[in-house]
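Here is work_32.txt, consisting of compact mmCIF, C-alpha atoms:
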```txt
# COMPACT_ATOMS: atom_id res chain seq x y z
CA MET A 877 0.00 0.00 0.00
CA VAL A 878 1.06 3.56 -0.64
CA LYS A 879 1.60 5.69 2.44
CA ILE A 880 -0.05 9.09 2.32
CA ASP A 881 0.82 12.00 4.58
CA LEU A 882 -1.27 15.08 5.27
CA ILE A 883 0.73 18.23 5.97
CA THR A 884 -1.66 20.80 7.30
CA GLY A 885 -1.43 24.10 9.13
CA PHE A 886 -3.13 27.45 9.42
CA LEU A 887 -2.61 30.18 6.83
CA GLY A 888 1.00 31.36 6.68
CA SER A 889 2.32 28.67 9.02
CA GLY A 890 5.04 27.52 6.61
CA LYS A 891 3.63 24.31 5.13
CA THR A 892 5.25 24.76 1.72
CA THR A 893 8.69 25.43 3.20
CA PHE A 894 8.36 22.35 5.40
CA ILE A 895 7.29 20.19 2.46
CA LYS A 896 10.42 21.18 0.54
CA LYS A 897 12.59 19.92 3.39
CA TYR A 898 10.49 16.82 4.09
CA ALA A 899 10.33 15.87 0.40
CA ASP A 900 14.10 16.28 0.10
CA TYR A 901 14.55 13.90 3.04
CA LEU A 902 12.23 11.29 1.52
CA MET A 903 13.96 11.42 -1.86
CA ARG A 904 17.37 11.04 -0.20
CA GLN A 905 16.01 7.84 1.34
CA GLY A 906 15.29 6.57 -2.17
CA TYR A 907 11.53 7.11 -2.22
CA ASN A 908 9.53 8.08 -5.30
CA ILE A 909 7.01 10.63 -4.11
CA GLY A 910 4.01 12.53 -5.37
CA ILE A 911 2.88 15.87 -3.94
CA LEU A 912 -0.79 16.75 -4.22
CA GLU A 913 -1.69 20.40 -3.82
CA ASN A 914 -5.30 20.69 -2.70
CA ASP A 915 -5.55 24.45 -2.49
CA TYR A 916 -8.20 27.04 -1.65
CA GLY A 917 -7.92 29.41 -4.58
CA ALA A 918 -8.06 29.63 -8.35
CA ILE A 919 -4.28 30.14 -8.69
CA ASN A 920 -2.01 27.77 -6.81
CA VAL A 921 1.00 29.82 -5.77
CA ASP A 922 2.29 27.09 -3.45
CA MET A 923 2.47 24.60 -6.30
CA MET A 924 4.59 27.06 -8.26
CA LEU A 925 6.92 27.32 -5.27
CA LEU A 926 7.39 23.55 -5.23
CA GLN A 927 8.33 23.27 -8.90
CA GLU A 928 12.02 22.97 -8.07
CA LEU A 929 11.29 19.56 -6.50
CA GLU A 930 9.99 18.06 -9.76
CA GLY A 931 12.21 15.43 -11.26
CA GLU A 932 12.78 11.72 -11.60
CA HIS A 933 11.72 11.00 -8.01
CA CYS A 934 9.05 13.66 -7.45
CA GLU A 935 5.93 14.72 -9.34
CA LEU A 936 3.46 17.48 -8.55
CA GLU A 937 -0.30 17.25 -8.96
CA MET A 938 -3.14 19.63 -8.17
CA VAL A 939 -6.82 19.42 -7.37
CA SER A 940 -8.31 22.34 -9.24
CA GLY A 941 -11.16 24.45 -7.96
CA GLY A 942 -10.42 24.22 -4.24
CA CYS A 943 -12.51 27.32 -3.70
CA CYS A 944 -15.56 25.76 -5.32
CA GLN A 945 -18.72 26.20 -3.27
CA ASP A 946 -19.77 22.63 -4.06
CA SER A 947 -17.82 20.61 -1.48
CA ASP A 948 -19.12 17.31 -2.87
CA ALA A 949 -17.72 18.15 -6.31
CA HIS A 950 -14.38 19.07 -4.81
CA ARG A 951 -14.29 15.83 -2.84
CA ARG A 952 -14.97 13.86 -6.05
CA ARG A 953 -12.07 15.62 -7.76
CA PHE A 954 -9.84 14.84 -4.78
CA LYS A 955 -10.78 11.16 -4.95
CA THR A 956 -10.33 10.99 -8.74
CA LYS A 957 -6.85 12.51 -8.44
CA LEU A 958 -5.87 10.03 -5.73
CA ILE A 959 -7.08 7.14 -7.89
CA ALA A 960 -4.90 8.37 -10.76
CA MET A 961 -1.90 8.85 -8.48
CA GLY A 962 -2.39 5.38 -6.99
CA MET A 963 -1.52 3.91 -10.38
CA CYS A 964 1.78 5.78 -10.72
CA GLY A 965 3.97 3.64 -8.49
CA TYR A 966 4.72 6.19 -5.77
CA ASP A 967 6.16 5.06 -2.46
CA ARG A 968 4.67 7.98 -0.59
CA ILE A 969 2.25 10.81 -1.37
CA LEU A 970 2.21 14.14 0.44
CA VAL A 971 -1.03 16.11 0.50
CA GLU A 972 -0.81 19.85 1.16
CA PRO A 973 -4.28 21.32 1.62
CA SER A 974 -5.19 24.94 2.07
CA GLY A 975 -4.94 26.54 5.48
CA VAL A 976 -8.72 26.24 5.91
CA PHE A 977 -9.14 22.60 4.93
CA ASP A 978 -11.95 20.39 6.21
CA MET A 979 -10.02 17.51 7.79
CA ASP A 980 -12.94 15.11 7.41
CA GLU A 981 -12.51 15.22 3.63
CA PHE A 982 -9.09 13.58 3.91
CA PHE A 983 -10.10 10.76 6.27
CA ASP A 984 -13.51 10.09 4.71
CA THR A 985 -12.18 9.96 1.15
CA LEU A 986 -9.47 7.44 2.05
CA GLN A 987 -12.12 5.11 3.49
CA GLU A 988 -13.89 4.86 0.13
CA GLU A 989 -13.27 2.14 -2.45
CA PRO A 990 -10.82 1.58 -4.06
CA LEU A 991 -8.67 4.01 -2.05
CA ASP A 992 -9.10 1.99 1.13
CA GLN A 993 -7.30 -0.88 -0.62
CA TRP A 994 -4.50 1.26 -2.08
CA TYR A 995 -3.54 3.74 0.62
CA GLU A 996 -2.60 3.73 4.27
CA ILE A 997 -2.23 6.92 6.26
CA GLY A 998 1.37 7.60 7.16
CA SER A 999 1.50 10.75 9.26
CA VAL A 1000 -0.71 13.75 9.87
CA ILE A 1001 1.71 16.64 10.40
CA THR A 1002 0.45 20.00 11.60
CA ILE A 1003 2.63 23.07 11.17
CA VAL A 1004 2.03 25.88 13.66
CA ASN A 1005 3.71 29.27 13.52
CA ALA A 1006 5.60 29.83 16.78
CA ARG A 1007 4.50 33.46 16.45
CA LEU A 1008 0.83 32.55 16.35
CA GLU A 1009 -1.43 35.58 16.65
CA ASN A 1010 -2.81 35.92 20.17
CA THR A 1011 -6.19 37.19 19.01
CA LEU A 1012 -7.66 34.97 16.30
CA SER A 1013 -11.34 34.87 15.49
CA GLU A 1014 -13.49 32.07 16.84
CA GLU A 1015 -13.56 30.50 13.39
CA ALA A 1016 -9.78 30.73 12.98
CA ASP A 1017 -9.26 29.05 16.35
CA TYR A 1018 -11.65 26.31 15.28
CA VAL A 1019 -9.66 25.68 12.10
CA LEU A 1020 -6.46 25.58 14.15
CA ALA A 1021 -7.97 23.04 16.55
CA SER A 1022 -9.46 20.86 13.81
CA GLU A 1023 -6.07 20.58 12.10
CA ALA A 1024 -4.21 19.74 15.30
CA ALA A 1025 -6.77 17.31 16.72
CA SER A 1026 -5.65 14.35 14.61
CA ALA A 1027 -1.98 15.25 14.28
CA GLY A 1028 0.65 12.66 15.01
CA CYS A 1029 3.20 15.44 15.11
CA ILE A 1030 3.03 19.18 15.76
CA VAL A 1031 5.95 21.08 14.22
CA LEU A 1032 6.56 24.70 15.19
CA SER A 1033 7.91 27.00 12.50
CA ARG A 1034 10.19 30.03 13.03
CA THR A 1035 11.37 28.85 16.45
CA GLN A 1036 14.76 30.47 15.84
CA GLU A 1037 12.99 33.84 15.80
CA THR A 1038 11.02 33.35 19.00
CA SER A 1039 11.67 33.02 22.71
CA GLU A 1040 10.84 30.07 24.92
CA ALA A 1041 7.98 32.10 26.39
CA GLU A 1042 6.52 32.86 22.95
CA GLN A 1043 6.64 29.19 22.02
CA GLN A 1044 4.95 28.24 25.28
CA ASN A 1045 2.24 30.85 24.64
CA THR A 1046 1.62 29.38 21.19
CA ILE A 1047 1.21 25.86 22.60
CA GLU A 1048 -1.15 27.19 25.29
CA HIS A 1049 -3.16 28.98 22.59
CA LEU A 1050 -3.40 25.72 20.64
CA ASN A 1051 -4.61 23.90 23.74
CA ARG A 1052 -7.25 26.57 24.42
CA ALA A 1053 -8.50 26.17 20.85
CA LEU A 1054 -8.71 22.40 21.33
CA GLU A 1055 -10.61 22.86 24.59
CA HIS A 1056 -13.04 25.26 22.96
CA ALA A 1057 -13.65 22.71 20.20
CA LYS A 1058 -14.46 20.10 22.90
CA CYS A 1059 -11.42 18.01 21.96
CA SER A 1060 -9.72 16.07 24.74
CA ARG A 1061 -6.22 16.29 23.25
CA ARG A 1062 -3.63 18.59 24.82
CA PHE A 1063 -0.03 19.20 23.82
CA GLY A 1064 2.85 19.85 26.17
CA VAL A 1065 6.16 21.38 25.15
CA GLU A 1066 7.64 17.89 25.09
CA HIS A 1067 5.10 16.76 22.47
CA VAL A 1068 6.02 19.44 19.94
CA MET A 1069 8.95 19.53 17.48
CA ARG A 1070 10.55 22.90 18.18
CA LYS A 1071 13.94 22.75 16.45
CA ASN A 1072 15.19 25.31 13.96
CA TRP A 1073 14.27 23.78 10.59
CA GLU A 1074 17.81 24.36 9.32
CA GLU A 1075 18.98 21.98 12.05
CA LEU A 1076 16.49 19.15 11.47
CA SER A 1077 18.38 15.87 11.07
CA ASP A 1078 17.42 12.71 9.22
CA THR A 1079 16.56 11.24 12.62
CA ASP A 1080 14.13 14.12 13.20
CA PHE A 1081 12.50 13.60 9.82
CA GLU A 1082 12.23 9.86 10.43
CA LYS A 1083 10.41 10.62 13.68
CA ILE A 1084 8.05 12.93 11.81
CA ALA A 1085 7.49 10.40 9.00
CA SER A 1086 6.56 7.69 11.50
CA ALA A 1087 4.47 9.89 13.81
CA GLY A 1088 1.15 8.48 12.57
CA TYR A 1089 -2.06 10.18 13.57
CA GLU A 1090 -4.69 10.18 16.31
CA HIS A 1091 -8.39 9.39 16.27
CA ALA A 1092 -9.53 12.48 18.14
CA SER A 1093 -13.05 13.83 18.16
CA TYR A 1094 -14.15 17.44 18.40
CA VAL A 1095 -17.39 19.34 17.95
CA LYS A 1096 -17.58 20.30 14.31
CA GLN A 1097 -18.70 23.85 13.62
CA ASP A 1098 -20.74 24.86 10.60
CA TYR A 1099 -19.22 27.93 9.05
CA GLY A 1100 -20.38 27.14 5.55
CA GLU A 1101 -17.94 25.98 2.90
CA HIS A 1102 -15.15 28.23 4.09
CA GLY A 1103 -17.05 30.54 6.41
CA GLY A 1104 -15.69 34.06 6.46
CA PHE A 1105 -12.38 33.08 4.84
CA GLU A 1106 -11.73 34.59 1.45
CA SER A 1107 -8.93 34.89 -1.06
CA LEU A 1108 -8.65 37.92 -3.34
CA PHE A 1109 -6.47 37.98 -6.46
CA PHE A 1110 -4.68 41.04 -7.79
CA MET A 1111 -3.11 40.62 -11.21
CA ASN A 1112 -0.46 42.67 -13.01
CA LEU A 1113 -0.11 45.38 -10.37
CA GLY A 1114 3.06 46.67 -11.99
CA LEU A 1115 4.62 47.64 -8.64
CA GLY A 1116 8.28 47.39 -7.71
CA GLU A 1117 9.38 45.71 -4.51
CA ALA A 1118 9.45 48.83 -2.30
CA ALA A 1119 6.03 50.05 -3.48
CA LEU A 1120 4.51 46.58 -3.17
CA LEU A 1121 5.77 46.12 0.40
CA LYS A 1122 4.48 49.56 1.37
CA ALA A 1123 1.03 48.81 -0.03
CA VAL A 1124 0.80 45.41 1.65
CA ARG A 1125 1.91 46.79 5.01
CA GLY A 1126 -0.82 49.39 4.66
CA ILE A 1127 -3.38 46.69 3.94
CA PHE A 1128 -2.36 44.73 7.04
CA SER A 1129 -2.65 47.85 9.21
CA ASP A 1130 -5.98 49.09 7.80
CA PRO A 1131 -9.04 47.58 9.57
CA ALA A 1132 -11.22 48.65 6.64
CA CYS A 1133 -9.45 46.04 4.49
CA GLY A 1134 -10.68 43.22 6.75
CA THR A 1135 -8.68 40.74 8.80
CA VAL A 1136 -5.73 39.76 6.62
CA PHE A 1137 -3.85 36.59 7.57
CA ARG A 1138 -1.46 36.19 4.66
CA VAL A 1139 -0.36 37.80 1.41
CA LYS A 1140 1.60 35.75 -1.09
CA GLY A 1141 2.49 35.91 -4.74
CA PHE A 1142 5.10 36.87 -7.33
CA PHE A 1143 6.33 40.03 -8.98
CA PRO A 1144 8.98 40.81 -11.63
CA ASP A 1145 12.40 41.70 -10.22
CA GLY A 1146 13.04 44.31 -12.92
CA ALA A 1147 15.91 42.34 -14.44
CA GLY A 1148 13.97 39.67 -16.32
CA GLY A 1149 13.49 37.39 -13.33
CA TRP A 1150 10.96 36.86 -10.57
CA LYS A 1151 10.66 37.25 -6.83
CA GLU A 1152 8.28 35.59 -4.40
CA LEU A 1153 6.53 37.57 -1.65
CA ASN A 1154 5.25 35.80 1.45
CA MET A 1155 3.94 38.06 4.18
CA THR A 1156 2.00 37.88 7.44
CA ARG A 1157 1.25 40.66 9.90
CA ARG A 1158 4.49 40.12 11.81
CA GLU A 1159 6.97 39.07 9.16
CA HIS A 1160 7.71 38.92 5.46
CA SER A 1161 10.15 37.30 3.08
CA VAL A 1162 11.13 38.19 -0.46
CA GLN A 1163 13.04 35.49 -2.32
CA PRO A 1164 14.19 35.04 -5.93
CA VAL A 1165 12.42 32.23 -7.80
CA LYS A 1166 13.04 30.67 -11.19
CA ARG A 1167 9.50 31.07 -12.46
CA GLY A 1168 6.55 33.20 -11.49
CA GLN A 1169 3.35 34.90 -12.50
CA GLU A 1170 2.48 38.51 -11.69
CA VAL A 1171 -0.19 37.82 -9.11
CA LEU A 1172 -0.77 38.71 -5.48
CA ILE A 1173 -3.18 36.73 -3.31
CA VAL A 1174 -4.63 38.18 -0.11
CA ILE A 1175 -6.16 35.65 2.30
CA GLY A 1176 -8.25 36.51 5.33
CA GLU A 1177 -11.70 37.19 6.71
CA HIS A 1178 -14.30 39.73 5.55
CA LEU A 1179 -11.96 41.29 2.98
CA ASP A 1180 -12.72 44.53 1.14
CA GLN A 1181 -11.16 44.45 -2.32
CA ALA A 1182 -12.00 48.06 -3.19
CA ARG A 1183 -10.25 49.33 -0.07
CA MET A 1184 -7.14 47.28 -0.88
CA GLU A 1185 -7.06 48.67 -4.39
CA VAL A 1186 -6.79 52.15 -2.86
CA TRP A 1187 -3.52 51.13 -1.19
CA PHE A 1188 -2.13 49.69 -4.44
CA LYS A 1189 -3.08 52.83 -6.38
CA GLN A 1190 -1.47 55.06 -3.77
CA ALA A 1191 1.72 53.02 -3.91
CA ALA A 1192 1.80 53.24 -7.70
CA LYS A 1193 1.70 57.06 -7.57
CA GLN A 1194 4.63 57.36 -5.19
```
Written form, structure tokens:
Amino acid sequence: MVKIDLITGFLGSGKTTFIKKYADYLMRQGYNIGILENDYGAINVDMMLLQELEGEHCELEMVSGGCCQDSDAHRRRFKTKLIAMGMCGYDRILVEPSGVFDMDEFFDTLQEEPLDQWYEIGSVITIVNARLENTLSEEADYVLASEAASAGCIVLSRTQETSEAEQQNTIEHLNRALEHAKCSRRFGVEHVMRKNWEELSDTDFEKIASAGYEHASYVKQDYGEHGGFESLFFMNLGLGEAALLKAVRGIFSDPACGTVFRVKGFFPDGAGGWKELNMTRREHSVQPVKRGQEVLIVIGEHLDQARMEVWFKQAAKQ
């Protein structure tokens, strides 16, 4: 049977970066792997960021239309893609869903024929930003809890940038979210992988790969297909790096824009190449990439596109 891992985590937690490192480990062990991007959005930026992994031992696939309002149709596409991938001879498949994924879709789909005969769940890995926002909405805390409830392994990101106290606060926040969701699971510091990702060893990755998952129940909330979460797409803004960063910082700071969790995308570097922007309220990174598309995606709750366009227009004039 093919082992299948679910790498989940709230918006901006660092799932894609983790997958790069985890996939590299698996390929160094001689595994042929497939990565399935199951994203919430019409344009899959994360899949573009993983393109460098493609090669003889790694292939990328995508479930299109993750933002479709018909959850049954999306689940059928997910199952169809897994059936196709089950015939490709992979040793292990990694599934990266959106940051607002319904966990039941993963477990329920794998119990259906013929997938129940082809796949076994390897590990459910939940990535949590060590700088988790203290004040998330009730819905955001629910998503956080639902993703952690079944995790075999919790991995904190950005630990090298945070103090012991900040990491402890993040774990306590996670436990409060689990309690609010009526889940009995709790995580102590000793149950969480907190190493700097640059220092993760093969032994660490083997522990993660064999972490498994838990059958944990929680009270499921009905927020609709994706509740208040939205993703807005801004194409061909024509802004340089300095102007783009100024506009996005303004959007994060402006309550009229809504509650913004993450901004990600690509922009031309002015020299014929591309750069990737990945930004949350507290931090941002700008990195060169081989390929890109001039698009910026804003993800959050109750977003106001017209108000954001004001910030982009102001930046363009300066």
Report, in Å to a single decimal, how far apart atom CA of Phe954 of chain A and atom CA of Asp900 of chain A are.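 Taking atom CA of Asp900 of chain A and atom CA of Phe954 of chain A, their separation equals 24.5 Å.
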* **Residue nearest Phe1137 of chain A among A:Lys1122, A:His1091, A:Arg1183, A:His1178 (counting all atoms listed in the file)** =>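 Smallest separation from Phe1137 of chain A among the options: A:His1178.
Each of A:Lys891, A:Arg952, A:Lys1058, A:His1160 was checked against Lys1096 of chain A using all atoms listed in the file; the smallest atom-to-atom distance is that of A:Lys1058.
Distances here use all atoms listed in the file; by that measure, the residue among A:Ala1041, A:Ile880, A:Leu1032, A:Ala1006 closest to Gly962 of chain A is A:Ile880.
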Requested in this report: Can you pull out every residue within 6 Å of segment 909-915 of chain A, counting all atoms listed in the file, but drop anything in the same chain fewer than 4 positions away, and send it as a count of residues only?
Outcome: 16
Distance in Å - atom CA of Leu929 of chain A versus atom CA of Glu1117 of chain A: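 Atom CA of Leu929 of chain A sits 26.3 Å away from atom CA of Glu1117 of chain A.
Counting only C-alpha atoms and comparing A:Gly1134, A:Pro1144, A:Gly1126, A:Gly998, the residue that lies closest to Leu1113 of chain A is A:Pro1144.
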Taken to one decimal, the atom CA of Glu1048 of chain A-atom CA of Gly1064 of chain A distance is 8.4 Å
*Leaving out segment 1187-1193 of chain A and any residue of its chain fewer than 6 positions from it, which residues lie within 12 Å of it when counting only C-alpha atoms, given as a list in words?*
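My list of contacting residues is Phe1110, Met1111, Asn1112, Leu1113, Gly1114, Leu1115, Gly1116, Glu1117, Ala1118, Ala1119, Leu1120, Leu1121, Lys1122, Ala1123, Val1124, Arg1125, Gly1126, Ile1127, Phe1128, Ser1129, Asp1130, Ala1132, Cys1133, Leu1172, Asp1180 and Gln1181 of chain A.
Ranking A:Ile997, A:Leu887, A:Val1095, A:Ile1084 by their shortest atom-to-atom distance to Leu1020 of chain A, with only C-alpha atoms included, puts A:Leu887 first.
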